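S.K.: Here you go, one structure.
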Amino acid sequence: DQDQDQDQDEEEGPDRSDNLPQLADDGTLRSGRDVPLVRTARDEVRTEGYLDRACDCFLHMGPLGFPYLCWSVALAQTIAIAMNMSLTPLANQVAQGEFSLSQKLVLVKLLSDFCGRTLFLVLPKPSKPQLWSCPSGIMLQGTAIWVLELLRLPLWTLVFLRARGHHLGFVVSEPVLVWFIWLPLITTGALSSSWAFVVAVTITPEEKRPQANLLMSFSVYAGFFCGILVALSAS
């Protein structure tokens with residue numbers, strides 16, 4: 001009789017097997033409440049799929065048959081060149097009449113261009129199939145170009161305000177102006193303009209790459225034109 005009572009208690013007792021981790025059909029280890037306990041490779045692929053769909057809008061063909069990402073980096077290149085070009089004619093105003101400082105700014109500008117082009121050579125080559133893979137993902141590099149331009153904007157604003165005659169206390173020191181503001185500003189401008197050119201050509205389909213080269217060349221001249229207009233407005 002006691003054995004029968006124990007058997008009945010076991011049959012009537014709560015079934016705790018649902019609370020134990022179970023292996024689902026898709027290879028995911030799940031709990032009784034169907035909560036994933038282990039992140040599998042399939043989950044990672046699903047997450048990458050979300051990122052791919054999120055950047056589809058930049059990869060779709062835009063005006064004139066160029067991807068929107070190509071137009072985006074072309075605009076970034078225009079802004080980068082316009083920033084550099086606007087400051088070059090204003091070297092004397094930035095130096096506020098000091099001949100030696102004006103000459104130093106021009107020479108450091110040449111050095112900065114060289115440093116920027118050299119840094120560009122060590123960057124990883126963008127890969128079109130790998131959209132977000134670090135560090136060669138094409139979307140990742142396109143985003144990095146815009147981040148770099150946003151970081152340059154405060155430096156450019158400081159130099160431009162000094163050229164307009166505003167006295168900024170922390171920019172009065174010549175070493176700070178030349179080596180900590182002017183040099184990084186021009187260097188990153190040269191770097192981002194070359195970087196944008198390569199990203200734009202890489203993302204463009206093979207049959208449209210000659211036209212992409214023309215688009216980026218037009219972007220360069222647009223940057224020159226905008227930079228000269230800004231310099232004229234400040235002179």
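Going by the structure tokens order, chains are called A, B, ..., each with residues numbered from 1, while ligands are numbered from 1 in the order shown.
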Do you know which residues are at most 12 Å from A:Ser72 counting only C-alpha atoms, after dropping those on the same chain fewer than 3 positions away, and could you put them as a list of chain:residue names?

M.R.: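 With the cut-off at 12 Å, the set is A:Cys57, A:Phe58, A:Leu59, A:Gly62, A:Pro63, A:Phe66, A:Pro67, A:Tyr68, A:Leu69, A:Leu75, A:Ala76, A:Gln77, A:Thr78, A:Ile79, A:Met139, A:Gln141, A:Gly142, A:Thr143, A:Ala144, A:Ile145, A:Trp146, A:Ala196, A:Phe197, A:Val199, A:Ala200, A:Ile203, A:Leu215, A:Met216, A:Ser219.
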
S.K.: Check which residues of stretch 132-221 of chain A sit at most 9 Å from stretch 108-113 of chain A using only C-alpha atoms, and return one row each with the closest pair of atoms and their distance in Å to one decimal, ordered by chain and rising number, as a Markdown table.

M.R.:
| residue | atom | partner | partner_atom | distance |
| --- | --- | --- | --- | --- |
| A:Val178 | CA | A:Val108 | CA | 7.5 |
| A:Trp179 | CA | A:Val108 | CA | 8.5 |
| A:Trp182 | CA | A:Lys109 | CA | 7.7 |
| A:Leu183 | CA | A:Ser112 | CA | 5.7 |
| A:Pro184 | CA | A:Ser112 | CA | 7.5 |
| A:Leu185 | CA | A:Ser112 | CA | 8.4 |
| A:Ile186 | CA | A:Ser112 | CA | 5.6 |
| A:Thr187 | CA | A:Ser112 | CA | 4.5 |
| A:Thr188 | CA | A:Ser112 | CA | 8.3 |
| A:Gly189 | CA | A:Asp113 | CA | 8.1 |
| A:Ala190 | CA | A:Asp113 | CA | 5.6 |
| A:Leu191 | CA | A:Asp113 | CA | 8.1 |

S.K.: List as an MDAnalysis selection string the protein and nucleic acid residues near A:Arg162, meaning an atom at most 10 Å away when only C-alpha atoms are counted, but skip any in the same chain fewer than 4 places from it.

M.R.: chainID A and resid 90 93:96 156:158 166:168 171:172
